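Scroll down for the structure; my scribbles are underneath it.
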Amino acid sequence: MGAIYAVVGLGFTIIYTVTGVINFAQGEFVMLGGMVSFSLITALGLPLPLAFVLTVVLVTLVGVALNLLTIRPARQASNISLIIITIGAALFIRAIAGLGWGKNAQPVPPFTGSETIGFLGAYVRIQSLWVIGITVLLVLLVYLLLNRTLVGKSLKAAAINSRAASLVGIDARTMSLVSFALAASTGAIAGMVIAPISFASYDMGVMLGLKGFVAAAMGGFTGIWGVLLGGMGLGLAESLAAGYVSSAYKDAIAMVFLFAVLLINSRNLAGEEKR
Amino acid sequence: MILKVDHVSVAYGKLRAVWDVSLSVDSGEIVTLIGANGAGKTSLLNSISGLIPARKGAVYLGEQNIVGQKAHRLAKLGVGYVTEGRGIFSSLSVLDNLSLGAYSRHNGWTTLLGDVSWFMRRKDIRDRVDYVYGLFPRLAQRQRQKAGSLSGGEQQMLAIGRCLMASPKVMLLDEPSLGLAPNVVMEIFGLLKRLRAEGMAILLVEQDAAASLRIADRGYVIEMGRIVFEGTASYLINQDKVKQAYLGQVWRGDHQTPAQEEAES
């Protein structure tokens with residue numbers, strides 16, 4: 001689970017560093033990833049790899065549309081207003097999903113087999129291995145994109161100094177769009193790999209989004225490695241709490257972490273210090 | 001004329017910063033804009049470069065009226081702007097800063113997704129990097145370092161070098177001497193002369209009027225957002241009012257410029 005929180009948090013971090021906005025619709029990207037892949041695989045009977053690619057494309061388009069329809073027209077607004085807009089967008093997407101797919105949780109077949117395998121005395125679902133493998137691959141890809149390609153460097157440049165970036169020809173609006181597309185596609189992948197474990201439902205984005213936010217906040221919204229540590233730390237703490245205390249307190253752990261992070265770091269998250 | 005500013009006014013809400021200013025810069029010419037703090041120099045540069053919109057008037061780049069266009073578009077069209085405070089990308093390397101300077105020369109999504117080093121291998125861009133390293137050999141030695149770790153002078157050189165990467169038609173420079181040691185200022189002003197000899201059009205904003213009038217061909221004096229004097233540099237230097245207001249140190253017979261005093265203290 002920690003790996004999923006990290007990937008969801010990655011989406012928060014990407015958009016926050018580039019635009020200064022915390023996108024509370026990130027969890028809905030994850031939900032859409034799960035629900036769309038459920039529809040494509042179960043209802044349309046598409047083969048998994050094709051469904052995977054199509055889901056990423058569709059959810060990325062949703063991210064692009066979200067940016068064009070809500071963030072871009074309101075560019076003059078303060079970051080707080082933009083954050084509230086993303087909350088509204090999240091409610092909207094969730095409501096539409098609830099209407100379209102119904103409110104029941106849907107089972108999604110795992111990528112390969114539903115059996116568990118023994119590993120160092122523990123039993124692990126094969127899907128969990130997929131989660132970890134795909135997470136590692138995804139983080140690696142995002143890392144390469146941000147650090148090796150021109151678009152990644154220009155995203156960073158826009159985050160460091162958007163004025164100077166515009167003076168070398170980097171359009172802040174394009175960068176905002178790219179960050180939303182990137183966050184949506186990583187969110188979609190997270191939703192797809194987790195759906196076989198958690199079931200896909202219209203409101204799965206709420207908890208996953210919140211925990212991804214906690215992971216990103218624990219990482220300080222600074223970079224890939226911070227959010228990776230934050231996500232893994234949160235996942236580990238949850239598992240330990242579930243194992244040693246009671247699984248009823250699993251979600252409470254995330255709330256405690258959230259509370260702590262907000263107490264310590266509230267000022268930086270308000271977006272007031274954006275250059 | 002490469003750059004022609006035609007009756008431009010700039011305002012922040014109801015507060016007018018620039019009133020009906022006209023000026024021009026031709027290629028192979030350094031034109032300086034001098035004036036006190038808050039006279040409207042930076043506001044004028046910001047509006048020429050598209051960072052803030054002009055309230056009235058027109059700006060011509062060559063034949064084209066560019067007023068109202070956004071900064072990132074103007075960067076492509078050939079307006080280079082080195083802002084006060086330099087605005088380098090401090091956590092990126094020197095080489096990355098330079099490669100982003102050529103950002104406006106990428107074409108299409110394939111380049112964007114491509115490797116930065118691959119982008120840099122494009123011959124015209126690589127040649128441009130070598131050209132900038134030729135102007136500032138110190139940047140070449142530090143090309144892998146983070147830009148934020150450079151000294152103030154080197155950061156200014158990087159800011160100018162990054163601006164040159166786009167091969168601009170006109171360069172706007174805002175206080176390039178600010179906070180730099182005199183020998184570094186000499187080096188940068190020497191470079192501006194070299195760029196002028198290569199045919200660059202340069203609009204130089206300086207508080208250190210004496211220093212900038214020494215290297216400029218022509219100048220404008222701006223007060224309270226309006227141009228109050230204009231003429232060749234030698235004409236302006238000999239105007240009593242200019243001497244009194246902006247070249248006080250010459251008037252006192254004291255040959256130190258404010259920048260030098262600042263550097264020594």
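We label chains A, B, ... in the order they appear in the structure tokens, count residues from 1 in each chain, and number ligands from 1 in the order shown.
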
Within 8 Å of stretch 153-158 of chain A, counting only C-alpha atoms, which residues qualify if same-chain residues fewer than 4 places away don't, as a list in words?
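Listed by chain and then number, they are Thr17, Val18, Leu146, Asn147, Arg148, Thr149, Ser162, Arg163, Ala164, Ala165, Ser166, Ile170, Ala172, Met175 and Ser179 of chain A; Phe89, Leu92, Asp96 and Leu100 of chain B.
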
Within 8 Å of chain A, which residues of chain B show up when using only C-alpha atoms, listed as a PyMOL selection string?
chain B and resi 49+51+71-76+80-81+87-92+96+100-104+111-116+119+163+166

With distances taken over only C-alpha atoms, which of A:Gly20, A:Gly118, A:Gly133, A:Gly205 is nearest to A:Ile83?
A:Gly20

Extract, using only C-alpha atoms, all DNA, RNA and protein residues at most 12 Å from A:Pro109, discarding same-chain residues fewer than 5 positions from it, and format them as a PyMOL selection string.
chain A and resi 34+37-43+45+47-48+114-115+126-127+192-200

In stretch 204-233 of chain B, DSSP strand (DSSP E) residues written as an NGL selection string:
:B and (204-206 or 218-223 or 226-232)

Out of stretch 200-240 of chain B, which residues get helix (DSSP H, G or I) from DSSP, as a list in words?
Ala209, Ala210, Ala211, Ser212, Leu213, Arg214, Ile215, Ala233, Ser234, Tyr235, Leu236, Ile237 and Asp240 of chain B

With all heavy atoms retained, could you export that selection as a tab-separated table (two decimals), in the first residue's frame?
chain	number	residue	atom	x	y	z
B	209	ALA	N	24.62	56.12	-13.47
B	209	ALA	CA	24.51	56.84	-14.74
B	209	ALA	C	25.88	57.13	-15.34
B	209	ALA	O	26.06	57.02	-16.57
B	209	ALA	CB	23.75	58.14	-14.52
B	210	ALA	N	26.85	57.46	-14.50
B	210	ALA	CA	28.16	57.82	-15.03
B	210	ALA	C	28.76	56.65	-15.80
B	210	ALA	O	29.23	56.80	-16.93
B	210	ALA	CB	29.09	58.22	-13.88
B	211	ALA	N	28.69	55.47	-15.19
B	211	ALA	CA	29.27	54.30	-15.85
B	211	ALA	C	28.54	53.97	-17.14
B	211	ALA	O	29.16	53.66	-18.16
B	211	ALA	CB	29.23	53.11	-14.90
B	212	SER	N	27.21	54.03	-17.12
B	212	SER	CA	26.48	53.61	-18.31
B	212	SER	C	26.61	54.65	-19.42
B	212	SER	O	26.67	54.29	-20.59
B	212	SER	CB	25.03	53.32	-17.98
B	212	SER	OG	24.37	54.48	-17.56
B	213	LEU	N	26.69	55.94	-19.07
B	213	LEU	CA	26.87	56.95	-20.13
B	213	LEU	C	28.25	56.83	-20.76
B	213	LEU	O	28.44	57.22	-21.91
B	213	LEU	CB	26.67	58.36	-19.56
B	213	LEU	CG	25.20	58.77	-19.37
B	213	LEU	CD1	25.11	60.13	-18.69
B	213	LEU	CD2	24.46	58.81	-20.71
B	214	ARG	N	29.20	56.27	-20.02
B	214	ARG	CA	30.55	56.10	-20.59
B	214	ARG	C	30.56	55.09	-21.73
B	214	ARG	O	31.32	55.23	-22.66
B	214	ARG	CB	31.54	55.68	-19.51
B	214	ARG	CG	32.29	56.86	-18.90
B	214	ARG	CD	33.59	56.42	-18.26
B	214	ARG	NE	33.36	55.48	-17.15
B	214	ARG	CZ	33.05	55.87	-15.91
B	214	ARG	NH1	32.95	57.15	-15.62
B	214	ARG	NH2	32.88	54.99	-14.97
B	215	ILE	N	29.72	54.04	-21.62
B	215	ILE	CA	29.78	53.05	-22.69
B	215	ILE	C	28.64	53.23	-23.70
B	215	ILE	O	28.69	52.67	-24.79
B	215	ILE	CB	29.78	51.59	-22.18
B	215	ILE	CG1	28.44	51.26	-21.53
B	215	ILE	CG2	30.92	51.32	-21.25
B	215	ILE	CD1	28.20	49.76	-21.45
B	233	ALA	N	25.24	60.29	-25.69
B	233	ALA	CA	25.80	60.15	-24.35
B	233	ALA	C	26.66	61.36	-23.99
B	233	ALA	O	26.59	61.87	-22.88
B	233	ALA	CB	26.60	58.86	-24.26
B	234	SER	N	27.46	61.83	-24.95
B	234	SER	CA	28.35	62.95	-24.64
B	234	SER	C	27.55	64.23	-24.38
B	234	SER	O	27.91	65.05	-23.54
B	234	SER	CB	29.35	63.17	-25.77
B	234	SER	OG	28.68	63.26	-27.00
B	235	TYR	N	26.42	64.36	-25.06
B	235	TYR	CA	25.54	65.51	-24.82
B	235	TYR	C	24.98	65.44	-23.40
B	235	TYR	O	25.00	66.43	-22.65
B	235	TYR	CB	24.41	65.52	-25.86
B	235	TYR	CG	23.26	66.44	-25.55
B	235	TYR	CD1	23.34	67.82	-25.77
B	235	TYR	CD2	22.06	65.93	-25.02
B	235	TYR	CE1	22.28	68.66	-25.49
B	235	TYR	CE2	21.00	66.76	-24.72
B	235	TYR	CZ	21.10	68.13	-24.96
B	235	TYR	OH	20.05	68.95	-24.67
B	236	LEU	N	24.49	64.26	-23.03
B	236	LEU	CA	23.87	64.13	-21.71
B	236	LEU	C	24.86	64.34	-20.58
B	236	LEU	O	24.55	64.97	-19.57
B	236	LEU	CB	23.21	62.74	-21.58
B	236	LEU	CG	21.93	62.54	-22.38
B	236	LEU	CD1	21.46	61.10	-22.23
B	236	LEU	CD2	20.83	63.49	-21.93
B	237	ILE	N	26.07	63.84	-20.78
B	237	ILE	CA	27.08	63.97	-19.73
B	237	ILE	C	27.35	65.44	-19.43
B	237	ILE	O	27.61	65.82	-18.29
B	237	ILE	CB	28.39	63.24	-20.15
B	237	ILE	CG1	28.20	61.73	-20.00
B	237	ILE	CG2	29.57	63.72	-19.34
B	237	ILE	CD1	29.37	60.92	-20.44
B	240	ASP	N	24.01	70.29	-17.47
B	240	ASP	CA	24.12	70.61	-16.05
B	240	ASP	C	23.09	69.89	-15.20
B	240	ASP	O	23.39	69.38	-14.12
B	240	ASP	CB	24.00	72.12	-15.84
B	240	ASP	CG	25.30	72.82	-16.18
B	240	ASP	OD1	26.31	72.09	-16.38
B	240	ASP	OD2	25.32	74.05	-16.28

Spatial neighbours of stretch 135-142 of chain A, max dist 8 Å, only C-alpha atoms, sep filter under 6 positions, as a list in words
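Result of the neighbour search: Ala3, Ile4, Val7, Thr186, Ala190 and Ile224 of chain A.
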
So that I can see what lies close to stretch 84-101 of chain A, please list as number ranges by chain the residues with an atom at most 8 Å from it, counting only C-alpha atoms and leaving out residues fewer than 6 positions away in the same chain.
A: 22-28, 32, 35, 66, 70-71, 202-203

What does the distance from atom CA of A:Gly191 to atom CA of A:Met31 come to in Å, to one decimal?
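Between atom CA of A:Gly191 and atom CA of A:Met31 the gap works out to 5.8 Å.
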
One decimal place gives the atom CA of A:Gly9-atom CA of A:Ile134 separation as 15.2 Å

If I take atom CA of B:Lys193 and atom CA of B:Arg226, how far is one from the other in Å, to one decimal?
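Spanning atom CA of B:Lys193 to atom CA of B:Arg226 is a straight-line distance of 27.4 Å.
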
Skip B:Met165 itself and residues of its chain fewer than 4 positions away, then list as a ChimeraX atom specification all residues within 8 Å of it, counting only C-alpha atoms.
/B:98-99,101-102,125,128-129,132,161
